[in-house]
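Visitor: Okay, so here is my_file-v2.csv, and as you'll see once you scroll down, it has CSV, C-alpha atoms and all ligand atoms.
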chain,number,residue,atom,x,y,z
Q,1,MET,CA,0.2,18.7,-6.3
Q,2,LEU,CA,-0.1,17.4,-2.8
Q,3,LYS,CA,-3.7,18.5,-2.3
Q,4,ARG,CA,-5.2,15.2,-3.1
Q,5,LEU,CA,-3.7,13.7,0.0
Q,6,SER,CA,-5.9,14.6,2.9
Q,7,ILE,CA,-5.5,12.9,6.2
Q,8,ALA,CA,-7.3,11.9,9.2
Q,9,VAL,CA,-5.5,11.3,12.4
Q,10,ALA,CA,-6.9,8.4,14.4
Q,11,GLY,CA,-9.0,9.9,17.1
Q,12,GLY,CA,-7.5,13.4,16.6
Q,13,LEU,CA,-6.8,16.3,14.5
Q,14,LEU,CA,-3.1,17.0,15.2
Q,15,LEU,CA,-1.8,16.6,11.7
Q,16,ALA,CA,-4.0,19.0,9.8
Q,17,SER,CA,-1.6,21.8,10.4
Q,18,ALA,CA,1.3,19.6,9.5
Q,19,VAL,CA,-0.2,18.9,6.1
Q,20,ALA,CA,-1.0,22.6,5.5
Q,21,GLY,CA,2.6,23.5,6.3
Q,22,CYS,CA,3.8,20.8,4.1
Q,23,GLY,CA,1.8,21.9,1.1
Q,24,ASP,CA,3.4,25.4,1.5
Q,25,SER,CA,7.0,24.3,1.6
Q,26,GLY,CA,6.8,21.4,-0.7
Q,27,SER,CA,4.8,22.7,-3.6
Q,28,ASP,CA,7.4,21.9,-6.2
Q,29,THR,CA,9.9,19.1,-6.8
Q,30,GLY,CA,12.6,21.4,-5.4
Q,31,SER,CA,16.4,21.3,-5.7
Q,32,GLY,CA,17.1,19.3,-2.6
Q,33,LYS,CA,19.3,22.0,-1.1
Q,34,SER,CA,18.5,23.4,2.2
Q,35,GLY,CA,20.2,26.4,3.6
Q,36,GLY,CA,20.6,24.6,6.9
Q,37,GLY,CA,24.2,23.3,6.7
Q,38,ASP,CA,25.0,21.2,9.7
Q,39,ASP,CA,21.5,21.2,11.2
Q,40,LYS,CA,20.1,19.3,8.2
Q,41,ILE,CA,18.1,16.3,9.4
Q,42,THR,CA,19.3,12.9,8.2
Q,43,LEU,CA,16.6,10.3,7.5
Q,44,GLY,CA,17.5,6.6,6.8
Q,45,PHE,CA,14.7,5.0,4.8
Q,46,SER,CA,14.5,1.4,4.0
Q,47,GLN,CA,12.0,0.7,1.1
Q,48,VAL,CA,10.4,-2.7,0.4
Q,49,GLY,CA,11.6,-2.8,-3.3
Q,50,ALA,CA,10.2,-1.9,-6.6
Q,51,GLU,CA,7.5,-4.6,-7.0
Q,52,SER,CA,4.6,-2.4,-8.2
Q,53,GLY,CA,3.4,0.8,-9.7
Q,54,TRP,CA,2.3,1.8,-6.2
Q,55,ARG,CA,5.8,1.3,-4.8
Q,56,THR,CA,7.4,3.3,-7.6
Q,57,ALA,CA,5.1,6.2,-6.9
Q,58,ASN,CA,5.7,5.9,-3.1
Q,59,THR,CA,9.5,6.0,-3.6
Q,60,LYS,CA,9.2,9.1,-5.8
Q,61,SER,CA,7.0,10.8,-3.3
Q,62,ILE,CA,9.4,10.1,-0.5
Q,63,GLN,CA,12.5,11.2,-2.5
Q,64,GLU,CA,10.8,14.4,-3.8
Q,65,SER,CA,9.5,15.4,-0.4
Q,66,ALA,CA,12.8,14.8,1.4
Q,67,ALA,CA,14.5,17.0,-1.2
Q,68,SER,CA,11.9,19.8,-1.0
Q,69,SER,CA,11.9,19.6,2.9
Q,70,GLY,CA,15.7,20.0,3.0
Q,71,ILE,CA,16.0,16.5,4.6
Q,72,ASP,CA,19.1,14.5,3.8
Q,73,LEU,CA,17.7,11.1,2.7
Q,74,LYS,CA,19.7,7.9,2.8
Q,75,PHE,CA,17.6,5.6,0.7
Q,76,SER,CA,18.0,1.8,0.7
Q,77,ASP,CA,16.1,-0.7,-1.4
Q,78,ALA,CA,15.5,-4.1,0.3
Q,79,GLN,CA,14.6,-5.9,-2.9
Q,80,GLY,CA,11.7,-7.6,-1.1
Q,81,LYS,CA,13.9,-9.2,1.6
Q,82,GLN,CA,13.5,-8.7,5.3
Q,83,GLU,CA,17.2,-9.5,5.9
Q,84,ASN,CA,18.2,-6.6,3.7
Q,85,GLN,CA,16.0,-4.3,5.7
Q,86,ILE,CA,17.4,-5.4,9.0
Q,87,LYS,CA,20.9,-4.8,7.6
Q,88,ALA,CA,19.9,-1.4,6.3
Q,89,ILE,CA,18.5,-0.4,9.7
Q,90,ARG,CA,21.7,-1.5,11.4
Q,91,ASN,CA,23.7,0.6,9.0
Q,92,PHE,CA,21.5,3.6,9.7
Q,93,ILE,CA,22.1,3.0,13.5
Q,94,THR,CA,25.9,2.8,12.9
Q,95,GLN,CA,25.8,6.0,10.8
Q,96,ARG,CA,23.8,7.7,13.6
Q,97,VAL,CA,21.1,9.1,11.4
Q,98,ASP,CA,18.6,11.3,13.1
Q,99,VAL,CA,15.5,9.3,12.2
Q,100,ILE,CA,14.8,5.9,10.7
Q,101,ALA,CA,11.7,5.1,8.6
Q,102,PHE,CA,10.9,1.9,6.9
Q,103,SER,CA,8.1,0.1,5.1
Q,104,PRO,CA,8.3,-3.5,6.5
Q,105,VAL,CA,8.4,-6.3,4.0
Q,106,VAL,CA,6.6,-8.6,6.4
Q,107,GLU,CA,4.8,-8.0,9.7
Q,108,SER,CA,6.8,-10.1,12.1
Q,109,GLY,CA,10.4,-10.4,13.3
Q,110,TRP,CA,11.3,-6.8,14.0
Q,111,GLY,CA,11.8,-6.8,17.8
Q,112,THR,CA,15.6,-7.2,18.0
Q,113,VAL,CA,16.6,-4.6,15.5
Q,114,LEU,CA,14.1,-2.1,16.6
Q,115,LYS,CA,15.3,-2.5,20.2
Q,116,GLU,CA,18.8,-1.6,18.9
Q,117,ALA,CA,17.4,1.6,17.4
Q,118,LYS,CA,15.6,2.4,20.6
Q,119,ASP,CA,18.8,1.8,22.7
Q,120,ALA,CA,20.6,4.2,20.3
Q,121,ASN,CA,17.9,6.8,20.8
Q,122,ILE,CA,17.0,6.9,17.2
Q,123,PRO,CA,13.3,7.4,16.6
Q,124,VAL,CA,11.6,5.0,14.2
Q,125,ILE,CA,8.6,5.7,12.0
Q,126,LEU,CA,6.7,2.8,10.3
Q,127,THR,CA,5.7,3.9,6.9
Q,128,ASP,CA,2.9,2.3,4.8
Q,129,ARG,CA,2.9,-1.1,6.6
Q,130,ALA,CA,2.5,-2.2,10.2
Q,131,ILE,CA,4.4,-4.7,12.3
Q,132,ASP,CA,2.9,-7.2,14.7
Q,133,ASP,CA,5.1,-6.5,17.7
Q,134,PRO,CA,2.9,-5.6,20.7
Q,135,ASP,CA,5.7,-3.3,22.0
Q,136,THR,CA,4.5,0.0,20.6
Q,137,SER,CA,7.4,1.8,22.3
Q,138,LEU,CA,9.6,0.4,19.5
Q,139,TYR,CA,8.4,3.1,17.1
Q,140,LYS,CA,7.1,6.6,17.3
Q,141,THR,CA,4.2,6.3,14.9
Q,142,PHE,CA,2.8,4.4,12.0
Q,143,ILE,CA,1.7,6.3,8.9
Q,144,GLY,CA,-0.3,4.5,6.3
Q,145,SER,CA,-3.6,3.1,5.1
Q,146,ASP,CA,-6.1,0.8,6.9
Q,147,PHE,CA,-5.7,-2.3,4.8
Q,148,VAL,CA,-8.5,-4.2,6.6
Q,149,GLU,CA,-10.9,-1.4,5.6
Q,150,GLU,CA,-9.7,-1.7,2.0
Q,151,GLY,CA,-10.5,-5.4,2.0
Q,152,LYS,CA,-13.9,-4.6,3.4
Q,153,LYS,CA,-14.6,-2.0,0.7
Q,154,ALA,CA,-13.8,-4.6,-1.9
Q,155,GLY,CA,-16.2,-7.1,-0.2
Q,156,ASP,CA,-18.9,-4.5,0.1
Q,157,TRP,CA,-18.8,-3.8,-3.6
Q,158,LEU,CA,-19.1,-7.5,-4.4
Q,159,VAL,CA,-22.1,-7.9,-2.0
Q,160,LYS,CA,-23.9,-5.0,-3.7
Q,161,GLU,CA,-23.0,-6.3,-7.2
Q,162,TYR,CA,-24.7,-9.6,-6.5
Q,163,GLU,CA,-27.6,-8.4,-4.4
Q,164,GLY,CA,-30.8,-10.3,-5.0
Q,165,LYS,CA,-29.0,-13.1,-6.8
Q,166,SER,CA,-28.8,-16.6,-5.3
Q,167,ASP,CA,-26.5,-18.5,-7.6
Q,168,PRO,CA,-23.0,-19.3,-6.2
Q,169,VAL,CA,-20.3,-16.7,-6.9
Q,170,ASN,CA,-16.9,-18.4,-7.5
Q,171,ILE,CA,-14.1,-16.1,-6.5
Q,172,VAL,CA,-10.4,-16.5,-7.1
Q,173,GLU,CA,-8.0,-14.4,-5.0
Q,174,LEU,CA,-4.5,-13.1,-5.8
Q,175,GLN,CA,-2.8,-12.3,-2.5
Q,176,GLY,CA,0.0,-9.9,-2.0
Q,177,SER,CA,3.5,-11.0,-0.8
Q,178,PRO,CA,3.2,-13.6,2.0
Q,179,GLY,CA,3.4,-12.1,5.5
Q,180,ALA,CA,3.0,-8.5,4.4
Q,181,ALA,CA,0.4,-6.4,6.3
Q,182,PRO,CA,-1.5,-5.4,3.2
Q,183,ALA,CA,-1.7,-9.1,2.1
Q,184,ASN,CA,-2.9,-10.3,5.5
Q,185,ASP,CA,-5.3,-7.5,6.1
Q,186,ARG,CA,-6.8,-7.2,2.6
Q,187,LYS,CA,-7.6,-10.9,2.7
Q,188,SER,CA,-9.2,-10.8,6.2
Q,189,GLY,CA,-11.2,-7.6,5.6
Q,190,PHE,CA,-12.7,-9.1,2.4
Q,191,ALA,CA,-13.3,-12.5,4.0
Q,192,ASP,CA,-15.1,-10.8,6.9
Q,193,VAL,CA,-17.6,-9.1,4.6
Q,194,ILE,CA,-18.4,-11.9,2.2
Q,195,LYS,CA,-18.8,-14.6,4.8
Q,196,ALA,CA,-22.2,-13.2,5.6
Q,197,ASP,CA,-23.6,-14.8,2.5
Q,198,THR,CA,-22.7,-18.4,1.7
Q,199,LYS,CA,-23.2,-18.0,-2.1
Q,200,PHE,CA,-19.7,-16.3,-2.1
Q,201,LYS,CA,-17.0,-19.0,-2.4
Q,202,VAL,CA,-13.3,-18.3,-2.6
Q,203,ILE,CA,-12.4,-21.3,-4.7
Q,204,ALA,CA,-8.7,-20.6,-5.1
Q,205,SER,CA,-6.4,-18.2,-3.3
Q,206,GLN,CA,-2.6,-17.8,-3.9
Q,207,THR,CA,0.1,-15.2,-3.7
Q,208,GLY,CA,1.0,-13.3,-6.8
Q,209,GLN,CA,3.8,-11.4,-4.9
Q,210,PHE,CA,2.2,-8.0,-5.7
Q,211,THR,CA,3.8,-8.2,-9.2
Q,212,ARG,CA,2.4,-8.3,-12.7
Q,213,THR,CA,4.5,-11.3,-13.7
Q,214,ASP,CA,3.3,-13.5,-10.9
Q,215,GLY,CA,-0.3,-12.2,-11.1
Q,216,LYS,CA,-0.3,-13.4,-14.7
Q,217,ALA,CA,1.3,-16.8,-14.0
Q,218,VAL,CA,-1.0,-17.6,-11.1
Q,219,MET,CA,-4.1,-16.5,-13.0
Q,220,GLU,CA,-3.0,-18.9,-15.8
Q,221,THR,CA,-3.0,-21.8,-13.3
Q,222,PHE,CA,-6.4,-20.7,-11.9
Q,223,LEU,CA,-7.9,-20.6,-15.3
Q,224,LYS,CA,-6.6,-24.1,-16.0
Q,225,SER,CA,-7.8,-25.7,-12.8
Q,226,GLN,CA,-11.0,-23.8,-12.3
Q,227,PRO,CA,-13.5,-24.0,-15.2
Q,228,ASP,CA,-16.0,-21.6,-13.6
Q,229,ILE,CA,-14.6,-18.3,-12.3
Q,230,ASP,CA,-17.0,-15.4,-11.7
Q,231,VAL,CA,-14.8,-13.0,-9.9
Q,232,LEU,CA,-11.1,-12.1,-9.4
Q,233,TYR,CA,-10.1,-10.2,-6.3
Q,234,ALA,CA,-6.5,-9.1,-6.6
Q,235,HIS,CA,-4.7,-7.4,-3.6
Q,236,ASN,CA,-3.2,-4.8,-6.0
Q,237,ASP,CA,-3.6,-3.4,-9.5
Q,238,ASP,CA,-0.4,-4.9,-10.8
Q,239,MET,CA,-1.5,-8.5,-10.2
Q,240,GLY,CA,-4.9,-7.6,-11.6
Q,241,LEU,CA,-3.2,-6.3,-14.8
Q,242,GLY,CA,-1.1,-9.4,-15.1
Q,243,ALA,CA,-4.2,-11.5,-14.7
Q,244,ILE,CA,-6.0,-9.5,-17.4
Q,245,GLU,CA,-3.4,-10.7,-19.8
Q,246,ALA,CA,-3.9,-14.3,-18.8
Q,247,ILE,CA,-7.7,-14.0,-19.0
Q,248,GLU,CA,-7.5,-12.5,-22.5
Q,249,ALA,CA,-5.0,-15.1,-23.6
Q,250,ALA,CA,-7.6,-17.8,-22.5
Q,251,GLY,CA,-10.2,-16.2,-24.8
Q,252,LYS,CA,-12.2,-14.6,-22.0
Q,253,LYS,CA,-13.3,-11.0,-21.6
Q,254,PRO,CA,-11.9,-9.4,-18.4
Q,255,GLY,CA,-14.5,-7.2,-16.6
Q,256,THR,CA,-17.3,-9.1,-18.3
Q,257,ASP,CA,-16.7,-12.9,-18.2
Q,258,ILE,CA,-14.8,-12.5,-15.0
Q,259,LYS,CA,-15.4,-9.5,-12.8
Q,260,ILE,CA,-12.3,-7.9,-11.4
Q,261,ILE,CA,-11.7,-6.0,-8.1
Q,262,THR,CA,-8.3,-4.6,-7.3
Q,263,VAL,CA,-6.6,-2.3,-4.8
Q,264,ASP,CA,-4.3,0.8,-5.3
Q,265,ALA,CA,-5.7,2.9,-8.1
Q,266,VAL,CA,-2.4,3.6,-9.9
Q,267,LYS,CA,-2.7,5.0,-13.4
Q,268,ASP,CA,-2.5,1.7,-15.3
Q,269,GLY,CA,-5.1,0.2,-13.0
Q,270,MET,CA,-7.4,3.2,-13.4
Q,271,THR,CA,-6.9,3.1,-17.2
Q,272,ALA,CA,-8.0,-0.6,-17.2
Q,273,LEU,CA,-11.0,0.4,-15.0
Q,274,ALA,CA,-12.0,3.1,-17.4
Q,275,ASP,CA,-11.7,0.6,-20.3
Q,276,GLY,CA,-14.1,-1.8,-18.4
Q,277,LYS,CA,-11.4,-4.5,-17.9
Q,278,ILE,CA,-11.5,-3.9,-14.2
Q,279,ASN,CA,-14.8,-3.3,-12.4
Q,280,PHE,CA,-13.9,-1.7,-9.1
Q,281,ILE,CA,-10.8,-0.3,-7.5
Q,282,VAL,CA,-10.2,0.5,-3.8
Q,283,GLU,CA,-7.8,3.3,-3.5
Q,284,CYS,CA,-4.6,3.1,-1.5
Q,285,SER,CA,-2.5,6.3,-1.7
Q,286,PRO,CA,1.2,6.0,-2.1
Q,287,LEU,CA,1.8,9.7,-1.7
Q,288,LEU,CA,3.1,9.4,1.9
Q,289,GLY,CA,6.2,11.6,1.5
Q,290,PRO,CA,4.9,15.0,2.6
Q,291,GLN,CA,3.3,13.7,5.7
Q,292,LEU,CA,6.3,11.5,6.5
Q,293,MET,CA,8.7,14.5,6.3
Q,294,GLU,CA,6.6,16.4,8.7
Q,295,LEU,CA,6.6,13.5,11.2
Q,296,VAL,CA,10.4,13.2,10.7
Q,297,LYS,CA,10.9,16.8,11.7
Q,298,LYS,CA,8.7,16.5,14.7
Q,299,ALA,CA,10.3,13.2,15.8
Q,300,LYS,CA,13.8,14.9,15.5
Q,301,ALA,CA,12.6,17.9,17.5
Q,302,GLY,CA,11.2,15.5,20.2
Q,303,GLU,CA,7.7,16.8,19.7
Q,304,SER,CA,4.8,14.5,20.5
Q,305,ILE,CA,3.2,12.9,17.5
Q,306,PRO,CA,0.1,10.7,17.2
Q,307,GLN,CA,0.8,7.0,17.4
Q,308,ARG,CA,-1.2,6.3,14.2
Q,309,VAL,CA,-1.6,8.5,11.1
Q,310,LEU,CA,-4.2,7.3,8.7
Q,311,THR,CA,-4.4,8.2,5.0
Q,312,LYS,CA,-7.9,9.0,3.7
Q,313,GLU,CA,-8.9,7.1,0.6
Q,314,THR,CA,-11.8,6.4,-1.7
Q,315,THR,CA,-13.0,3.9,-4.2
Q,316,PHE,CA,-13.5,4.0,-8.0
Q,317,THR,CA,-16.1,2.7,-10.5
Q,318,PRO,CA,-15.3,2.9,-14.2
Q,319,GLU,CA,-17.2,6.2,-14.5
Q,320,GLN,CA,-15.3,7.7,-11.6
Q,321,ALA,CA,-12.0,6.5,-13.1
Q,322,LYS,CA,-12.7,8.3,-16.4
Q,323,GLU,CA,-13.3,11.5,-14.4
Q,324,ALA,CA,-10.3,11.1,-12.2
Q,325,LEU,CA,-7.7,10.0,-14.8
Q,326,PRO,CA,-6.9,13.3,-16.4
Q,327,SER,CA,-5.6,14.8,-13.2
Q,328,ARG,CA,-4.3,11.6,-11.7
Q,329,LYS,CA,-0.7,12.0,-10.5
Q,330,TYR,CA,0.4,8.4,-10.2
Q,401,LIG,O1,-0.8,-2.0,-2.3
Q,401,LIG,C1,1.2,-2.9,-3.4
Q,401,LIG,C2,2.6,-2.8,-3.0
Q,401,LIG,O2,2.2,-1.8,1.0
Q,401,LIG,C3,0.3,-0.6,0.4
Q,401,LIG,O3,2.5,-2.8,-1.6
Q,401,LIG,C4,1.5,-1.2,-0.1
Q,401,LIG,C5,1.3,-2.3,-1.1
Q,401,LIG,C6,0.6,-1.9,-2.4
Q,401,LIG,O4,3.4,-3.6,-3.6
Q,401,LIG,O5,1.0,-2.5,-4.7
Starting from the file, lay out its structure as structure tokens.
Ligand code: GYE
Guide:
Amino acid sequence: MLKRLSIAVAGGLLLASAVAGCGDSGSDTGSGKSGGGDDKITLGFSQVGAESGWRTANTKSIQESAASSGIDLKFSDAQGKQENQIKAIRNFITQRVDVIAFSPVVESGWGTVLKEAKDANIPVILTDRAIDDPDTSLYKTFIGSDFVEEGKKAGDWLVKEYEGKSDPVNIVELQGSPGAAPANDRKSGFADVIKADTKFKVIASQTGQFTRTDGKAVMETFLKSQPDIDVLYAHNDDMGLGAIEAIEAAGKKPGTDIKIITVDAVKDGMTALADGKINFIVECSPLLGPQLMELVKKAKAGESIPQRVLTKETTFTPEQAKEALPSRKY
């Protein structure tokens, strides 16, 4: 079940053994009971919310791996608001949990609360998303994807797709939630690659909040204001799926009249890809739970852990999606 998740540690190899160990102990959903009694580790985790299929799979991965690792998980849903996350982190500090992990809603504004955690000697693990504070002593490690790289992969596909053609390529972009690392980085990685050729023009770019509803609504406005759209680049599958509804409602064929690139590769996205409604998906794995629990144990034990743990990911064409779908876990 956890085999799909392979990892590469930035500049090192430390985590290979951690993942192997994790596969052994967490091979099933587990009962959540550990024999440990008092020495059970308590983890406070503040989640972004439930905005996307990715997030749902991520929450499930974290809850299941905490249970099968015998870690007592205090889970808090921030409903997309930074102020809720700050509150949750302060509560975890008051409760004196052993380790705090969180997936930051936005990149900036964490200094004060993370200093409080540091002063209380509670190790913090950034999960899935980074923060922009230059003081890296505020957290033990950051586990998650390289979102700039994901944006680049999306751009690379586009460049190849239009190789040898000189007509302008009009692109609309659905951005993730404002200020979030994956929104900032997927935008900049993509822009970096396509700027090499002036035929690529981003003619409209707006947030769709990483949700299907907003993806659909914003795509409707794009379709009304832009008569000539060649490509949609959506920062996640959910916004792409919402946009597909808008495109079909406007009498156009998604994947053909408008080419679509998304990020995540959750089941619904992969199904649309296999059906030819999406043309290319850059994978971003939500299955961070097993690795996170290994890091939590190490942080609690005071062992040294790498500052950055990267998840390894791939990309999918329609053919590859058809192949991967039957065994896809999320
Ligand atoms: O791509 C998106 C979710 O932070 C990587 O957040 C995550 C992103 C994911 O809402 O679907």
Visitor: Which value, in Å to one decimal, gives the distance between CA of Pro178 (chain Q) and CA of Val105 (chain Q)?
Guide: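 CA of Pro178 (chain Q) sits 9.2 Å away from CA of Val105 (chain Q).
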Visitor: Could you name the residues that touch region 199-202 of chain Q at 8 Å or less, counting only C-alpha atoms, but leaving out those on the same chain fewer than 6 positions away, as a VMD selection string?
Guide: chain Q and resid 166 to 173
Visitor: Give me the chain Q side of the contact with ligand LIG 401 (chain Q), cut-off 7 Å, one line per residue showing its nearest atom pair and distance in Å at one decimal, counting all atoms listed in the file, sorted by chain and residue number, as a tab-separated table.
Guide:
residue	atom	partner	partner_atom	distance
Q:Glu51	CA	Q:LIG401	O4	5.4
Q:Ser52	CA	Q:LIG401	O4	4.9
Q:Gly53	CA	Q:LIG401	O5	6.5
Q:Trp54	CA	Q:LIG401	O5	4.7
Q:Arg55	CA	Q:LIG401	C2	5.5
Q:Asp128	CA	Q:LIG401	O2	5.6
Q:Arg129	CA	Q:LIG401	O2	5.7
Q:Pro182	CA	Q:LIG401	O2	5.6
Q:Phe210	CA	Q:LIG401	O4	5.0
Q:His235	CA	Q:LIG401	O1	6.8
Q:Asn236	CA	Q:LIG401	O5	5.0
Q:Asp237	CA	Q:LIG401	O5	6.7
Q:Asp238	CA	Q:LIG401	O5	6.7
Q:Val263	CA	Q:LIG401	O1	6.3
Q:Asp264	CA	Q:LIG401	O1	5.4
Q:Cys284	CA	Q:LIG401	O1	6.4
Visitor: Can you work out which one of Q:Val148, Q:Ala181, Q:Leu43, Q:Ile143 has the shortest atom-to-atom distance to Ile122 (chain Q), counting all atoms listed in the file?
Guide: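 Among the listed residues, the smallest separation from Ile122 (chain Q) belongs to Q:Leu43.
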Visitor: Between CA of Phe222 (chain Q) and CA of Ala191 (chain Q), measure the distance and give it in Å to one decimal.
Guide: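 Rounded to one decimal, the two atoms are 19.2 Å apart.
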Visitor: Skip Met270 (chain Q) itself and residues of its chain fewer than 6 positions away, then list as a list in words all residues within 10 Å of it, counting all atoms listed in the file.
Guide: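 Close residues of Met270 (chain Q): Asp237, Thr262, Asp264, Gly276, Lys277, Ile278, Asn279, Phe280, Ile281, Glu283, Phe316, Thr317, Pro318, Gln320, Ala321, Lys322, Ala324, Leu325, Arg328 and Tyr330 of chain Q.
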Visitor: Kindly give the distance, in Å, that separates CA of Ala180 (chain Q) and CA of Gly242 (chain Q), rounded to a single decimal.
Guide: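 Taking CA of Ala180 (chain Q) and CA of Gly242 (chain Q), their separation equals 19.9 Å.
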Visitor: Residues within 7 Å of (19.0, 15.7, 6.9), file coordinates, counting only C-alpha atoms: what are they? Give the list as a ChimeraX atom specification.
Guide: /Q:40-43,70-73
Visitor: With all atoms listed in the file as the basis for distance, which of Q:Ser205, Q:Ser327, Q:Thr271, Q:Ser304 is at the shortest distance from Lys140 (chain Q)?
Guide: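 Answer, going by the shortest atom-to-atom distance: Q:Ser304.
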Visitor: List every protein, DNA or RNA residue that has an atom no more than 12 Å from (-17.7, -12.7, -21.5) in the file's coordinate frame, counting all atoms listed in the file, and report them as an MDAnalysis selection string.
Guide: chainID Q and resid 229:231 247:248 250:259 276:277
Visitor: So that I have them on file, write out the residues from the current selection with C-alpha atoms, as a PDB file, in the frame of the given file.
Guide:
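Saved as part_17.pdb:
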ATOM      1  CA  ILE Q 229     -14.600 -18.300 -12.300  1.00  0.00           C
ATOM      2  CA  ASP Q 230     -17.000 -15.400 -11.700  1.00  0.00           C
ATOM      3  CA  VAL Q 231     -14.800 -13.000  -9.900  1.00  0.00           C
ATOM      4  CA  ILE Q 247      -7.700 -14.000 -19.000  1.00  0.00           C
ATOM      5  CA  GLU Q 248      -7.500 -12.500 -22.500  1.00  0.00           C
ATOM      6  CA  ALA Q 250      -7.600 -17.800 -22.500  1.00  0.00           C
ATOM      7  CA  GLY Q 251     -10.200 -16.200 -24.800  1.00  0.00           C
ATOM      8  CA  LYS Q 252     -12.200 -14.600 -22.000  1.00  0.00           C
ATOM      9  CA  LYS Q 253     -13.300 -11.000 -21.600  1.00  0.00           C
ATOM     10  CA  PRO Q 254     -11.900  -9.400 -18.400  1.00  0.00           C
ATOM     11  CA  GLY Q 255     -14.500  -7.200 -16.600  1.00  0.00           C
ATOM     12  CA  THR Q 256     -17.300  -9.100 -18.300  1.00  0.00           C
ATOM     13  CA  ASP Q 257     -16.700 -12.900 -18.200  1.00  0.00           C
ATOM     14  CA  ILE Q 258     -14.800 -12.500 -15.000  1.00  0.00           C
ATOM     15  CA  LYS Q 259     -15.400  -9.500 -12.800  1.00  0.00           C
ATOM     16  CA  GLY Q 276     -14.100  -1.800 -18.400  1.00  0.00           C
ATOM     17  CA  LYS Q 277     -11.400  -4.500 -17.900  1.00  0.00           C
TER      18      LYS Q 277
END
Visitor: For Ala66 (chain Q), which residue among Q:Ala265, Q:Lys165, Q:Val124, Q:Lys297 is the nearest when counting all atoms listed in the file?
Guide: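 Using all atoms listed in the file, Ala66 (chain Q) sits closest to Q:Lys297.
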Visitor: Identify which of the residues Q:Ala120, Q:Val218, Q:Val159, Q:Leu295 lies closest to Phe92 (chain Q), counting all atoms listed in the file when measuring atom-to-atom distances.
Guide: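 Looking at the shortest contact to Phe92 (chain Q), the residue is Q:Ala120.
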Visitor: I need the residue nearest Glu245 (chain Q) from this list: Q:Val266, Q:Val48, Q:Met219, Q:Ala274. Use all atoms listed in the file for the distance.
Guide: Q:Met219
Visitor: Let me make sure I understand: among Q:Ser188, Q:Gly80, Q:Ala301, Q:Ala246, which one has the smallest atom-to-atom distance to Leu223 (chain Q) if we use all atoms listed in the file?
Guide: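 With all atoms listed in the file as the atom set, the closest residue is Q:Ala246.
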Visitor: Sort by chain and increasing residue number a table of all residues of region 108-200 of chain Q within 9 Å of region 211-217 of chain Q, each with its closest pair of atoms and their distance in Å to one decimal, counting only C-alpha atoms, and write it as JSON lines.
Guide:
{"residue": "Q:Leu174", "atom": "CA", "partner": "Q:Gly215", "partner_atom": "CA", "distance": 6.8}
{"residue": "Q:Gln175", "atom": "CA", "partner": "Q:Gly215", "partner_atom": "CA", "distance": 9.0}
{"residue": "Q:Gly176", "atom": "CA", "partner": "Q:Thr211", "partner_atom": "CA", "distance": 8.3}
{"residue": "Q:Ser177", "atom": "CA", "partner": "Q:Thr211", "partner_atom": "CA", "distance": 8.9}
Visitor: Convert the current residue selection to file output with C-alpha atoms, as a short mmCIF file (atom, residue, chain, number, x, y, z; two decimals), in the coordinates of the input.
Guide:
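The result, written out as result_8.cif:
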data_model
loop_
_atom_site.label_atom_id
_atom_site.label_comp_id
_atom_site.auth_asym_id
_atom_site.auth_seq_id
_atom_site.Cartn_x
_atom_site.Cartn_y
_atom_site.Cartn_z
CA LEU Q 174 -4.50 -13.10 -5.80
CA GLN Q 175 -2.80 -12.30 -2.50
CA GLY Q 176 0.00 -9.90 -2.00
CA SER Q 177 3.50 -11.00 -0.80
#
Visitor: Would you pick out the contacts of Lys152 (chain Q) at 8 Å or less, using all atoms listed in the file, so that residues sharing its chain but fewer than 3 positions from it are not included, and give the list as a list in words?
Guide: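 In the requested form, the answer reads Val148, Glu149, Gly155, Asp156, Arg186, Gly189, Phe190, Ala191, Asp192 and Val193 of chain Q.
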Visitor: Emit the selected residues as a PDB file, in the frame of the given file, including C-alpha atoms.
Guide:
ATOM      1  CA  VAL Q 148      -8.500  -4.200   6.600  1.00  0.00           C
ATOM      2  CA  GLU Q 149     -10.900  -1.400   5.600  1.00  0.00           C
ATOM      3  CA  GLY Q 155     -16.200  -7.100  -0.200  1.00  0.00           C
ATOM      4  CA  ASP Q 156     -18.900  -4.500   0.100  1.00  0.00           C
ATOM      5  CA  ARG Q 186      -6.800  -7.200   2.600  1.00  0.00           C
ATOM      6  CA  GLY Q 189     -11.200  -7.600   5.600  1.00  0.00           C
ATOM      7  CA  PHE Q 190     -12.700  -9.100   2.400  1.00  0.00           C
ATOM      8  CA  ALA Q 191     -13.300 -12.500   4.000  1.00  0.00           C
ATOM      9  CA  ASP Q 192     -15.100 -10.800   6.900  1.00  0.00           C
ATOM     10  CA  VAL Q 193     -17.600  -9.100   4.600  1.00  0.00           C
TER      11      VAL Q 193
END
Visitor: If we count all atoms listed in the file and set the cut-off at 7 Å, which residues sit around Phe102 (chain Q), ignoring sequence neighbours fewer than 3 positions away in its own chain? Please answer as a PyMOL selection string.
Guide: chain Q and resi 45-47+125-127
